[in-house]
$ cat input_20.txt   # compact mmCIF, C-alpha atoms and all ligand atoms
# COMPACT_ATOMS: atom_id res chain seq x y z
CA MET A 74 -28.95 -30.38 0.56
CA ASN A 75 -28.95 -27.14 2.48
CA GLY A 76 -28.89 -23.84 0.58
CA PHE A 77 -25.18 -23.16 1.03
CA GLU A 78 -23.85 -24.12 -2.41
CA HIS A 79 -26.84 -22.61 -4.16
CA ASP A 80 -26.63 -19.31 -2.31
CA LEU A 81 -22.91 -18.84 -2.94
CA GLY A 82 -23.27 -19.98 -6.53
CA GLU A 83 -25.98 -17.38 -7.15
CA ARG A 84 -23.88 -14.62 -5.66
CA LEU A 85 -20.92 -15.64 -7.83
CA ARG A 86 -23.20 -15.61 -10.86
CA VAL A 87 -24.17 -11.99 -10.14
CA LEU A 88 -20.50 -11.04 -10.02
CA ARG A 89 -19.85 -12.85 -13.30
CA ASP A 90 -22.84 -11.21 -14.99
CA ASN A 91 -21.52 -7.80 -13.95
CA GLY A 92 -18.00 -8.45 -15.21
CA LEU A 93 -16.72 -8.41 -11.64
CA LEU A 94 -15.75 -12.02 -11.07
CA ARG A 95 -12.22 -12.39 -9.74
CA GLU A 96 -10.02 -15.38 -10.38
CA LEU A 97 -6.53 -16.31 -9.36
CA ARG A 98 -3.88 -16.47 -12.04
CA ARG A 99 -1.23 -19.03 -11.27
CA ILE A 100 2.26 -17.62 -11.81
CA GLU A 101 4.84 -20.29 -12.53
CA SER A 102 7.98 -18.34 -11.64
CA ALA A 103 9.46 -16.04 -9.03
CA GLN A 104 8.39 -12.42 -8.87
CA GLY A 105 10.42 -10.31 -11.27
CA ARG A 106 10.76 -8.25 -14.41
CA THR A 107 9.28 -11.20 -16.27
CA ILE A 108 6.93 -13.85 -14.93
CA ARG A 109 5.79 -17.17 -16.36
CA PHE A 110 2.07 -17.56 -16.89
CA ASN A 111 0.37 -20.34 -18.86
CA GLY A 112 3.77 -21.56 -19.97
CA ARG A 113 4.74 -18.18 -21.44
CA SER A 114 7.14 -15.55 -20.25
CA LEU A 115 5.44 -12.15 -19.85
CA LEU A 116 6.88 -8.73 -19.09
CA ASN A 117 5.53 -7.93 -15.66
CA PHE A 118 4.08 -4.46 -15.04
CA SER A 119 1.97 -5.46 -12.06
CA SER A 120 4.32 -5.91 -9.13
CA ASN A 121 4.79 -3.63 -6.11
CA ASP A 122 8.31 -5.00 -5.73
CA TYR A 123 9.53 -1.54 -6.74
CA LEU A 124 13.24 -2.08 -6.14
CA GLY A 125 13.27 -5.71 -7.26
CA LEU A 126 14.26 -6.87 -3.77
CA ALA A 127 11.88 -9.87 -3.57
CA THR A 128 14.55 -12.03 -5.21
CA HIS A 129 17.64 -10.03 -4.15
CA PRO A 130 20.54 -12.22 -2.92
CA ALA A 131 20.99 -10.16 0.27
CA LEU A 132 17.38 -10.88 1.28
CA LEU A 133 17.59 -14.58 0.41
CA GLU A 134 20.83 -14.90 2.36
CA ALA A 135 19.46 -13.03 5.39
CA ALA A 136 16.34 -15.21 5.42
CA ALA A 137 18.38 -18.41 5.14
CA ARG A 138 20.86 -17.39 7.84
CA ALA A 139 18.10 -16.36 10.26
CA MET A 140 16.22 -19.62 9.61
CA ARG A 141 19.35 -21.62 10.43
CA ASP A 142 19.62 -19.83 13.78
CA PHE A 143 15.95 -19.26 14.68
CA GLY A 144 13.87 -21.70 12.61
CA VAL A 145 10.89 -20.82 10.43
CA GLY A 146 7.98 -20.28 12.76
CA SER A 147 8.08 -17.89 15.69
CA GLY A 148 6.15 -20.34 17.85
CA ALA A 149 3.91 -17.89 19.67
CA SER A 150 2.64 -14.34 19.70
CA ARG A 151 5.16 -11.59 20.37
CA LEU A 152 3.96 -11.06 23.97
CA VAL A 153 4.17 -14.76 24.87
CA CYS A 154 7.54 -16.11 23.72
CA GLY A 155 7.57 -15.24 20.00
CA SER A 156 9.53 -11.99 20.21
CA LEU A 157 12.87 -13.20 18.89
CA ASN A 158 16.04 -11.35 17.97
CA PRO A 159 15.09 -11.00 14.28
CA HIS A 160 11.85 -9.17 15.20
CA HIS A 161 13.73 -6.71 17.38
CA ASP A 162 16.48 -6.28 14.79
CA LEU A 163 13.85 -5.45 12.17
CA GLU A 164 12.08 -2.92 14.39
CA GLU A 165 15.37 -1.22 15.22
CA ALA A 166 16.26 -1.12 11.52
CA ILE A 167 12.91 0.44 10.58
CA ALA A 168 13.07 3.03 13.37
CA ALA A 169 16.61 4.02 12.36
CA PHE A 170 15.68 4.13 8.68
CA LYS A 171 12.63 6.31 9.29
CA GLY A 172 14.34 8.47 11.91
CA ALA A 173 11.64 7.54 14.43
CA GLN A 174 12.03 6.70 18.12
CA ALA A 175 10.54 3.25 17.71
CA ALA A 176 8.74 0.87 15.37
CA LEU A 177 6.44 -2.12 15.74
CA THR A 178 5.98 -4.84 13.14
CA PHE A 179 2.83 -6.77 12.28
CA SER A 180 2.13 -9.79 10.04
CA SER A 181 0.76 -7.62 7.23
CA GLY A 182 0.08 -4.04 6.33
CA TYR A 183 -3.61 -4.83 6.54
CA SER A 184 -3.37 -6.04 10.13
CA THR A 185 -1.17 -3.04 10.94
CA ALA A 186 -3.90 -0.60 9.93
CA VAL A 187 -6.67 -2.50 11.65
CA GLY A 188 -4.73 -3.02 14.87
CA THR A 189 -3.45 0.54 15.05
CA ILE A 190 -6.61 2.45 14.22
CA CYS A 191 -8.81 0.32 16.45
CA ALA A 192 -6.35 0.76 19.31
CA LEU A 193 -6.04 4.52 18.96
CA LEU A 194 -9.75 5.32 18.79
CA GLU A 195 -12.71 4.72 21.05
CA LYS A 196 -16.41 4.85 20.35
CA ASP A 197 -16.95 8.59 20.75
CA ASP A 198 -13.88 9.60 18.78
CA VAL A 199 -13.84 10.90 15.22
CA ILE A 200 -11.96 9.38 12.30
CA ILE A 201 -11.64 11.34 9.06
CA ILE A 202 -10.37 9.46 6.02
CA ASP A 203 -9.57 10.43 2.43
CA LYS A 204 -12.16 8.96 0.05
CA LEU A 205 -9.49 6.87 -1.68
CA VAL A 206 -7.60 5.36 1.25
CA HIS A 207 -6.82 1.66 1.03
CA ALA A 208 -9.47 -0.86 2.09
CA CYS A 209 -7.50 -1.76 5.22
CA CYS A 210 -7.93 1.78 6.56
CA VAL A 211 -11.61 1.84 5.61
CA ASP A 212 -12.21 -1.49 7.34
CA ALA A 213 -10.23 -0.33 10.37
CA ALA A 214 -12.19 2.91 10.57
CA ARG A 215 -15.47 1.00 10.52
CA GLN A 216 -14.29 -1.59 13.05
CA SER A 217 -13.03 1.06 15.43
CA GLY A 218 -16.62 2.12 16.11
CA ALA A 219 -15.53 5.78 16.02
CA ARG A 220 -17.60 8.36 14.11
CA LEU A 221 -16.46 8.01 10.51
CA ARG A 222 -16.30 10.94 8.09
CA VAL A 223 -14.91 10.79 4.55
CA PHE A 224 -13.38 13.82 2.83
CA GLY A 225 -13.09 14.22 -0.94
CA HIS A 226 -9.89 12.85 -2.36
CA ASN A 227 -7.05 15.29 -1.55
CA ASP A 228 -9.71 17.98 -1.03
CA LEU A 229 -8.23 20.30 1.60
CA SER A 230 -11.27 22.53 1.96
CA ASP A 231 -13.53 19.51 2.50
CA LEU A 232 -11.03 18.25 5.08
CA GLU A 233 -11.05 21.64 6.79
CA ASP A 234 -14.86 21.72 6.88
CA THR A 235 -14.90 18.23 8.35
CA LEU A 236 -12.37 19.18 11.01
CA GLN A 237 -14.47 22.23 11.85
CA TRP A 238 -17.55 20.02 12.17
CA ALA A 239 -15.65 17.67 14.48
CA LEU A 240 -14.49 20.56 16.63
CA ASP A 241 -17.98 22.12 16.78
CA HIS A 242 -19.78 18.92 17.70
CA HIS A 243 -17.23 16.67 19.34
CA ALA A 244 -14.75 19.03 20.95
CA SER A 245 -13.70 16.56 23.63
CA SER A 246 -13.15 13.64 21.23
CA ARG A 247 -9.93 12.46 19.69
CA ILE A 248 -9.77 13.31 16.00
CA LEU A 249 -7.66 11.12 13.72
CA ILE A 250 -7.07 11.90 10.04
CA VAL A 251 -5.96 8.97 7.89
CA THR A 252 -4.47 9.37 4.45
CA GLU A 253 -1.92 7.80 2.13
CA SER A 254 1.32 9.21 0.73
CA VAL A 255 0.88 7.64 -2.69
CA PHE A 256 -2.61 6.43 -3.53
CA SER A 257 -2.45 2.81 -4.50
CA MET A 258 -4.78 2.83 -7.51
CA ASP A 259 -4.17 6.36 -8.83
CA GLY A 260 -0.49 6.87 -8.09
CA ASP A 261 -1.01 10.49 -7.04
CA THR A 262 0.31 11.95 -3.79
CA ALA A 263 -1.37 13.64 -0.83
CA PRO A 264 -0.84 17.38 -0.16
CA LEU A 265 0.90 16.42 3.03
CA ARG A 266 2.34 19.76 4.16
CA GLU A 267 -1.10 21.34 4.00
CA ILE A 268 -2.72 18.38 5.78
CA VAL A 269 -0.11 18.60 8.55
CA GLU A 270 -0.84 22.33 8.93
CA LEU A 271 -4.56 21.64 9.14
CA LYS A 272 -4.32 18.84 11.67
CA ASP A 273 -2.09 20.99 13.90
CA ARG A 274 -4.46 23.92 13.64
CA PHE A 275 -7.42 21.76 14.67
CA GLY A 276 -5.56 19.68 17.25
CA ALA A 277 -6.15 16.47 15.30
CA TRP A 278 -3.74 13.55 14.86
CA LEU A 279 -2.51 12.24 11.52
CA MET A 280 -1.89 8.65 10.46
CA LEU A 281 -0.07 8.30 7.17
CA ASP A 282 0.10 5.09 5.15
CA GLU A 283 3.42 5.18 3.28
CA ALA A 284 2.90 1.78 1.58
CA HIS A 285 3.73 2.93 -1.96
CA ALA A 286 6.09 5.78 -1.08
CA THR A 287 8.49 3.81 1.07
CA GLY A 288 11.58 2.85 -0.90
CA VAL A 289 10.54 5.15 -3.76
CA LEU A 290 10.26 8.75 -2.46
CA GLY A 291 12.26 10.75 0.08
CA HIS A 292 15.89 10.60 1.18
CA ASN A 293 17.05 6.96 0.93
CA GLY A 294 13.45 6.03 0.14
CA ARG A 295 12.10 7.08 3.53
CA GLY A 296 8.81 8.17 2.04
CA LEU A 297 6.78 11.26 1.23
CA ALA A 298 6.71 12.70 4.77
CA ASP A 299 10.50 12.80 4.65
CA GLU A 300 10.55 14.26 1.14
CA LEU A 301 8.24 17.09 2.22
CA GLY A 302 10.07 17.65 5.51
CA VAL A 303 7.14 16.81 7.79
CA ALA A 304 8.09 13.33 9.06
CA GLY A 305 8.56 14.63 12.61
CA ARG A 306 5.07 16.12 12.63
CA VAL A 307 3.10 12.99 11.70
CA GLU A 308 1.92 11.15 14.81
CA VAL A 309 1.59 7.71 13.19
CA GLN A 310 3.44 6.48 10.11
CA MET A 311 2.68 3.03 8.77
CA GLY A 312 3.83 1.01 5.82
CA THR A 313 4.14 -2.47 4.46
CA LEU A 314 7.18 -4.72 4.23
CA GLY A 315 5.71 -6.47 1.19
CA LYS A 316 6.30 -3.80 -1.44
CA ALA A 317 9.66 -2.03 -1.88
CA PHE A 318 11.19 -3.94 1.05
CA GLY A 319 10.66 -7.18 -0.85
CA SER A 320 9.26 -9.33 1.96
CA ALA A 321 5.93 -9.34 3.83
CA GLY A 322 4.46 -7.75 6.92
CA GLY A 323 3.64 -4.26 8.08
CA TYR A 324 5.04 -1.65 10.43
CA VAL A 325 4.09 1.37 12.45
CA CYS A 326 6.67 3.89 13.57
CA GLY A 327 6.60 7.00 15.68
CA SER A 328 7.26 7.77 19.32
CA ARG A 329 8.26 5.20 21.94
CA THR A 330 4.96 5.97 23.68
CA LEU A 331 3.02 5.11 20.51
CA VAL A 332 4.78 1.76 20.21
CA ASP A 333 4.39 0.96 23.94
CA PHE A 334 0.71 1.81 23.61
CA LEU A 335 0.16 -0.32 20.52
CA LEU A 336 1.86 -3.40 21.91
CA ASN A 337 -0.56 -3.17 24.82
CA LYS A 338 -3.67 -2.36 22.81
CA ALA A 339 -3.46 -3.44 19.17
CA ARG A 340 -5.44 -6.66 19.04
CA SER A 341 -4.09 -7.81 15.66
CA PHE A 342 -0.61 -7.59 17.21
CA ILE A 343 -1.46 -9.19 20.55
CA PHE A 344 -3.63 -12.07 19.40
CA SER A 345 -1.59 -13.26 16.44
CA THR A 346 1.49 -15.42 16.07
CA ALA A 347 4.63 -13.35 15.53
CA PRO A 348 5.65 -12.97 11.87
CA THR A 349 7.85 -15.77 10.52
CA ILE A 350 11.62 -15.58 10.85
CA PRO A 351 12.51 -15.55 7.12
CA GLN A 352 9.92 -12.84 6.57
CA VAL A 353 11.32 -10.47 9.19
CA ALA A 354 14.99 -11.21 8.44
CA ALA A 355 14.43 -10.59 4.73
CA ALA A 356 12.54 -7.38 5.49
CA ALA A 357 15.42 -6.10 7.63
CA ALA A 358 17.82 -6.86 4.79
CA GLY A 359 15.41 -5.08 2.44
CA VAL A 360 15.54 -1.97 4.61
CA GLY A 361 19.33 -2.22 4.50
CA VAL A 362 19.51 -2.41 0.70
CA CYS A 363 16.95 0.36 0.35
CA ALA A 364 19.03 2.75 2.48
CA SER A 365 22.36 1.78 0.85
CA GLY A 366 24.18 3.20 -2.16
CA GLU A 367 22.77 0.30 -4.16
CA GLY A 368 19.27 1.37 -3.12
CA GLY A 369 20.05 4.84 -4.47
CA LEU A 370 21.09 3.37 -7.83
CA LEU A 371 17.92 1.27 -7.95
CA ARG A 372 15.83 4.38 -7.32
CA THR A 373 17.70 6.25 -10.07
CA SER A 374 16.89 3.54 -12.58
CA LEU A 375 13.28 3.31 -11.39
CA GLN A 376 12.87 7.07 -11.85
CA ALA A 377 14.37 6.85 -15.35
CA ARG A 378 11.74 4.24 -16.29
CA ILE A 379 8.95 6.35 -14.79
CA ARG A 380 10.05 9.31 -16.93
CA GLU A 381 10.19 7.16 -20.06
CA LEU A 382 6.67 5.92 -19.46
CA ALA A 383 5.49 9.45 -18.78
CA THR A 384 6.35 10.45 -22.33
CA SER A 385 3.47 8.22 -23.43
CA ALA A 386 0.25 10.13 -24.00
CA THR A 387 -1.77 7.31 -22.45
CA ALA A 388 -0.36 7.54 -18.95
CA THR A 389 -1.56 10.36 -16.73
CA GLY A 390 -0.20 12.46 -13.95
CA VAL A 391 3.58 12.65 -14.38
CA GLN A 392 5.23 16.07 -14.63
CA GLY A 393 8.26 17.90 -13.28
CA GLU A 394 11.61 16.82 -11.94
CA ALA A 395 10.91 15.54 -8.42
CA PRO A 396 10.88 11.75 -7.85
CA LYS A 397 7.57 10.26 -8.86
CA PRO A 398 5.52 7.31 -7.65
CA ALA A 399 5.87 4.11 -9.66
CA ILE A 400 2.12 3.58 -10.16
CA LEU A 401 0.60 4.84 -13.42
CA PRO A 402 -3.08 4.18 -14.04
CA VAL A 403 -4.43 4.01 -17.56
CA ILE A 404 -8.11 4.68 -16.94
CA ILE A 405 -10.47 3.00 -19.41
CA GLY A 406 -13.71 3.23 -17.45
CA ASP A 407 -15.85 0.31 -18.55
CA GLU A 408 -15.17 -2.89 -16.59
CA ALA A 409 -15.53 -5.36 -19.45
CA ARG A 410 -13.44 -3.26 -21.86
CA THR A 411 -10.71 -3.00 -19.27
CA MET A 412 -10.66 -6.77 -18.84
CA GLU A 413 -10.45 -7.18 -22.61
CA ALA A 414 -7.57 -4.70 -22.81
CA ALA A 415 -5.64 -6.56 -20.11
CA SER A 416 -6.23 -9.82 -21.93
CA ALA A 417 -5.11 -8.34 -25.28
CA LEU A 418 -1.94 -7.03 -23.63
CA ARG A 419 -1.27 -10.49 -22.16
CA ASP A 420 -1.52 -11.91 -25.68
CA GLN A 421 1.21 -9.44 -26.64
CA GLY A 422 3.39 -10.60 -23.76
CA LEU A 423 2.64 -7.81 -21.26
CA PHE A 424 1.17 -8.56 -17.85
CA ILE A 425 -0.79 -5.53 -16.58
CA PRO A 426 -3.61 -5.95 -14.10
CA ALA A 427 -7.14 -4.70 -14.75
CA ILE A 428 -8.49 -3.01 -11.63
CA ARG A 429 -12.25 -2.89 -11.16
CA PHE A 430 -14.96 -2.19 -8.65
CA PRO A 431 -14.88 -2.56 -5.68
CA THR A 432 -11.16 -1.76 -5.65
CA VAL A 433 -11.98 1.43 -7.58
CA ALA A 434 -15.33 3.15 -8.22
CA ARG A 435 -17.73 1.69 -10.77
CA GLY A 436 -17.04 2.99 -14.26
CA ARG A 437 -13.48 3.91 -13.28
CA ALA A 438 -11.87 0.60 -14.24
CA ARG A 439 -8.27 0.88 -15.29
CA LEU A 440 -5.06 -0.81 -16.20
CA ARG A 441 -2.68 -0.27 -13.31
CA VAL A 442 0.89 -0.13 -14.52
CA THR A 443 3.65 -0.42 -11.95
CA LEU A 444 7.31 -0.05 -12.78
CA THR A 445 10.27 -1.48 -10.94
CA ALA A 446 14.00 -0.87 -10.90
CA ASN A 447 14.48 -4.13 -12.80
CA HIS A 448 12.71 -2.91 -15.93
CA THR A 449 14.85 -1.80 -18.86
CA ALA A 450 14.35 1.15 -21.20
CA ASP A 451 13.36 -1.36 -23.91
CA ASP A 452 10.67 -2.80 -21.63
CA VAL A 453 9.13 0.64 -21.28
CA THR A 454 9.34 1.23 -25.03
CA ALA A 455 7.39 -2.00 -25.59
CA LEU A 456 4.85 -0.94 -22.99
CA ASN A 457 4.45 2.53 -24.47
CA SER A 458 3.79 1.21 -27.96
CA ALA A 459 1.31 -1.40 -26.71
CA LEU A 460 -0.56 1.28 -24.77
CA ALA A 461 -0.56 3.59 -27.80
CA ASP A 462 -2.04 0.78 -29.96
CA LEU A 463 -4.66 0.22 -27.31
CA SER A 464 -5.79 3.85 -27.26
CA ALA A 465 -5.83 3.88 -31.09
CA THR A 466 -8.35 1.01 -31.26
CA PRO A 467 -11.94 2.15 -30.56
C1 LIG A 501 -0.68 -2.96 0.06
C2 LIG A 501 -1.25 -1.91 0.94
C3 LIG A 501 -1.56 -2.16 2.27
C4 LIG A 501 -1.59 -3.56 2.82
O1 LIG A 501 -0.33 -4.05 3.07
P1 LIG A 501 -0.12 -5.64 3.05
O2 LIG A 501 1.20 -5.79 3.68
O3 LIG A 501 -0.18 -6.06 1.63
O4 LIG A 501 -1.21 -6.24 3.89
C5 LIG A 501 -1.95 -1.12 3.06
N1 LIG A 501 -2.07 0.12 2.57
C6 LIG A 501 -1.81 0.40 1.28
C7 LIG A 501 -1.95 1.79 0.79
C8 LIG A 501 -1.40 -0.60 0.43
O5 LIG A 501 -1.18 -0.34 -0.86
$ encode --input "input_20.txt" --output "structure tokens" --more "lines below"
Ligand SMILES: *Cc1c(COP(=O)(O)O)cnc(C)c1O
Amino acid sequence: MNGFEHDLGERLRVLRDNGLLRELRRIESAQGRTIRFNGRSLLNFSSNDYLGLATHPALLEAAARAMRDFGVGSGASRLVCGSLNPHHDLEEAIAAFKGAQAALTFSSGYSTAVGTICALLEKDDVIIIDKLVHACCVDAARQSGARLRVFGHNDLSDLEDTLQWALDHHASSRILIVTESVFSMDGDTAPLREIVELKDRFGAWLMLDEAHATGVLGHNGRGLADELGVAGRVEVQMGTLGKAFGSAGGYVCGSRTLVDFLLNKARSFIFSTAPTIPQVAAAAAGVGVCASGEGGLLRTSLQARIRELATSATATGVQGEAPKPAILPVIIGDEARTMEAASALRDQGLFIPAIRFPTVARGRARLRVTLTANHTADDVTALNSALADLSATP
């Protein structure tokens, strides 16, 4: 035979030997506070469904109603004949929710980042990304062909030096800074006000990925830019529809000009079938719940759980009164030990993902706890005591 099977098998073996092999775990239930795995019900601390909307009746009903009227598939790309009412309704809902002139939706957050960054930048431009931005922004930055510079995580003086370098050497280029509101594996937030000041001072543009802040932080869950009062000063805001909004897909919002530009230039938007009808209808309903009084109650209960978890000595990074992100890493370091910890927690009925290289740096493996509005105080008590046991065992 040819070398195909052998080559791939060898590369898999290297991953396995290094404790880095990934495997799918088949979940036998809907997404929720508990999930069924291997015939057992486990408390789920791994979902990004922060408000519990993935199974919310309003989203199910909206998806079903839209499917009755518009079918499942969109039939074509948006620019051919796939731009149906539900897509436009969703974009209007997102723009209104975010207080932006316009929004554009993509099939995923990943394709949103790739399409947007590659459209905005050309070969001689400069892109400056935080060291810990999500893989989709890293991949996009590389694909764009622009000059790529990385600044230390949330390191404002490194960012300033990099902006100065860009200005000194590439004064006529576009300069785009990309960062995240809430970092997906660390759960910390960007110093956004200071970054906005810097980018204005240097004449750079800012793209902000609000994936984990949307629905959680800011007025009505609008995100960190809203919470810090700088939403109107960020050129490009993006997010996903697959986390707090309970569905799937991604969005960009900003000025009408930005959206007109992207629908002409973003290749992942142009050359891809429009998102499915149930997906966009459910997402629009998710935006609606998020911005409603019910959304406010869900955020209140989510914040209560975050505070309860923060009392545990094992979780890091939660202080003060302001709303906090729902991601709490428990850093263990060693890859194999982290996998063992996750497995031991599963035996105790708690589902918490182990996160390893290349998602995080080598030797920085961790349990990544996420909380949702559906968790109860008792759930967090159980989690806290399991984590305390874990840190007590050498
Ligand atoms: C999840 C995530 C994305 C990707 O969004 P998908 O809709 O899942 O493709 C992008 N950026 C960040 C920070 C994320 O956490």
$ closest_atom_pairs --input "input_20.txt" --of "stretch 261-337 of chain A" --to "stretch 213-234 of chain A" --cutoff "9 Å" --atoms "all atoms listed in the file" --output "tab-separated table"
residue	atom	partner	partner_atom	distance
A:Thr262	CA	A:Asn227	CA	8.4
A:Ala263	CA	A:Asn227	CA	6.0
A:Pro264	CA	A:Asn227	CA	6.7
A:Glu267	CA	A:Leu229	CA	7.6
A:Ile268	CA	A:Leu229	CA	7.2
A:Leu271	CA	A:Glu233	CA	6.9
A:Lys272	CA	A:Glu233	CA	8.8
A:Phe275	CA	A:Glu233	CA	8.7
$ closest_atom_pairs --input "input_20.txt" --of "stretch 90-203 of chain A" --to "stretch 282-290 of chain A" --cutoff "10 Å" --atoms "all atoms listed in the file" --output "tab-separated table"
residue	atom	partner	partner_atom	distance
A:Asn121	CA	A:His285	CA	7.8
A:Asp122	CA	A:Gly288	CA	9.8
A:Tyr123	CA	A:Val289	CA	7.4
A:Leu124	CA	A:Gly288	CA	7.4
A:Lys171	CA	A:Thr287	CA	9.5
A:Gly182	CA	A:Ala284	CA	8.0
A:Ala186	CA	A:Asp282	CA	8.4
$ residues_near_ligand --input "input_20.txt" --ligand "ligand LIG 501 (chain A)" --cutoff "8 Å" --atoms "only C-alpha atoms and all ligand atoms" --output "list in words"
Ser180, Ser181, Gly182, Tyr183, Ser184, Thr185, Ala186, Val206, His207, Ala208, Cys209, Cys210, Glu253, Val255, Phe256, Ser257, Asp282, Glu283, Ala284, His285, Gly312, Thr313, Leu314, Gly315, Lys316, Ala321, Gly322 and Gly323 of chain A
$ write_last_selection --input "input_20.txt" --atoms "C-alpha atoms" --output "mmCIF file, in the frame of the given file"
data_model
loop_
_atom_site.group_PDB
_atom_site.id
_atom_site.type_symbol
_atom_site.label_atom_id
_atom_site.label_comp_id
_atom_site.auth_asym_id
_atom_site.auth_seq_id
_atom_site.Cartn_x
_atom_site.Cartn_y
_atom_site.Cartn_z
ATOM 1 C CA SER A 180 2.130 -9.790 10.040
ATOM 2 C CA SER A 181 0.760 -7.620 7.230
ATOM 3 C CA GLY A 182 0.080 -4.040 6.330
ATOM 4 C CA TYR A 183 -3.610 -4.830 6.540
ATOM 5 C CA SER A 184 -3.370 -6.040 10.130
ATOM 6 C CA THR A 185 -1.170 -3.040 10.940
ATOM 7 C CA ALA A 186 -3.900 -0.600 9.930
ATOM 8 C CA VAL A 206 -7.600 5.360 1.250
ATOM 9 C CA HIS A 207 -6.820 1.660 1.030
ATOM 10 C CA ALA A 208 -9.470 -0.860 2.090
ATOM 11 C CA CYS A 209 -7.500 -1.760 5.220
ATOM 12 C CA CYS A 210 -7.930 1.780 6.560
ATOM 13 C CA GLU A 253 -1.920 7.800 2.130
ATOM 14 C CA VAL A 255 0.880 7.640 -2.690
ATOM 15 C CA PHE A 256 -2.610 6.430 -3.530
ATOM 16 C CA SER A 257 -2.450 2.810 -4.500
ATOM 17 C CA ASP A 282 0.100 5.090 5.150
ATOM 18 C CA GLU A 283 3.420 5.180 3.280
ATOM 19 C CA ALA A 284 2.900 1.780 1.580
ATOM 20 C CA HIS A 285 3.730 2.930 -1.960
ATOM 21 C CA GLY A 312 3.830 1.010 5.820
ATOM 22 C CA THR A 313 4.140 -2.470 4.460
ATOM 23 C CA LEU A 314 7.180 -4.720 4.230
ATOM 24 C CA GLY A 315 5.710 -6.470 1.190
ATOM 25 C CA LYS A 316 6.300 -3.800 -1.440
ATOM 26 C CA ALA A 321 5.930 -9.340 3.830
ATOM 27 C CA GLY A 322 4.460 -7.750 6.920
ATOM 28 C CA GLY A 323 3.640 -4.260 8.080
#
$ closest_residue --input "input_20.txt" --among "A:Ile201, A:Asp273, A:Ser114, A:Gly359" --to "A:Glu101" --atoms "all atoms listed in the file"
A:Ser114
$ closest_residue --input "input_20.txt" --among "A:Leu418, A:Cys326, A:Ile190, A:Arg439" --to "A:Leu163" --atoms "all atoms listed in the file"
A:Cys326
$ closest_atom_pairs --input "input_20.txt" --of "stretch 133-252 of chain A" --to "stretch 328-338 of chain A" --cutoff "9 Å" --atoms "only C-alpha atoms" --output "CSV"
residue,atom,partner,partner_atom,distance
A:Arg151,CA,A:Leu336,CA,9.0
A:Leu152,CA,A:Leu336,CA,8.2
A:Ala173,CA,A:Ser328,CA,6.6
A:Gln174,CA,A:Ser328,CA,5.0
A:Ala175,CA,A:Arg329,CA,5.2
A:Ala176,CA,A:Val332,CA,6.3
A:Leu177,CA,A:Val332,CA,6.1
A:Gly188,CA,A:Leu335,CA,7.9
A:Thr189,CA,A:Leu335,CA,6.6
A:Cys191,CA,A:Lys338,CA,8.6
A:Ala192,CA,A:Lys338,CA,5.4
A:Leu193,CA,A:Leu335,CA,8.0
$ closest_residue --input "input_20.txt" --among "A:Val362, A:Ser320, A:Leu116, A:Gly144" --to "A:Thr454" --atoms "all atoms listed in the file"
A:Leu116
$ atom_distance --input "input_20.txt" --atom1 "atom CA of A:Met311" --atom2 "atom CA of A:Tyr324"
5.5 Å
$ closest_residue --input "input_20.txt" --among "A:Leu456, A:Ala358, A:Val433, A:Ile425" --to "A:Glu381" --atoms "all atoms listed in the file"
A:Leu456
$ closest_residue --input "input_20.txt" --among "A:Met258, A:Ala239, A:Ile202, A:Ile379" --to "A:Leu281" --atoms "only C-alpha atoms"
A:Ile202
$ closest_residue --input "input_20.txt" --among "A:Pro159, A:Leu132, A:Ala399, A:Gly422" --to "A:Val360" --atoms "only C-alpha atoms"
A:Leu132
$ residues_around --input "input_20.txt" --residues "stretch 90-96 of chain A" --least-positions-apart "3" --cutoff "9 Å" --atoms "only C-alpha atoms" --output "MDAnalysis selection string"
chainID A and resid 85:87 408:409 412 429:431
$ atom_distance --input "input_20.txt" --atom1 "atom CA of A:Val303" --atom2 "atom CA of A:Gly172"
11.8 Å
$ atom_distance --input "input_20.txt" --atom1 "atom CA of A:Ala135" --atom2 "atom CA of A:Ser147"
16.1 Å
$ decode --input "input_20.txt" --residues "stretch 406-426 of chain A" --atoms "C-alpha atoms" --output "short mmCIF file (atom, residue, chain, number, x, y, z; two decimals), in the first residue's frame"
data_model
loop_
_atom_site.label_atom_id
_atom_site.label_comp_id
_atom_site.auth_asym_id
_atom_site.auth_seq_id
_atom_site.Cartn_x
_atom_site.Cartn_y
_atom_site.Cartn_z
CA GLY A 406 0.47 22.39 34.42
CA ASP A 407 1.43 18.86 33.48
CA GLU A 408 -0.60 17.46 30.58
CA ALA A 409 -0.93 13.88 31.83
CA ARG A 410 -1.83 14.95 35.39
CA THR A 411 -4.49 17.26 34.03
CA MET A 412 -6.01 14.43 32.01
CA GLU A 413 -6.00 12.23 35.11
CA ALA A 414 -7.68 14.95 37.16
CA ALA A 415 -10.43 15.37 34.55
CA SER A 416 -10.95 11.62 34.50
CA ALA A 417 -11.09 11.43 38.32
CA LEU A 418 -13.68 14.23 38.35
CA ARG A 419 -15.75 12.37 35.75
CA ASP A 420 -15.72 9.34 38.05
CA GLN A 421 -17.20 11.63 40.71
CA GLY A 422 -19.92 12.78 38.33
CA LEU A 423 -18.41 16.11 37.23
CA PHE A 424 -17.67 16.82 33.58
CA ILE A 425 -14.84 19.37 33.31
CA PRO A 426 -12.63 19.51 30.23
#
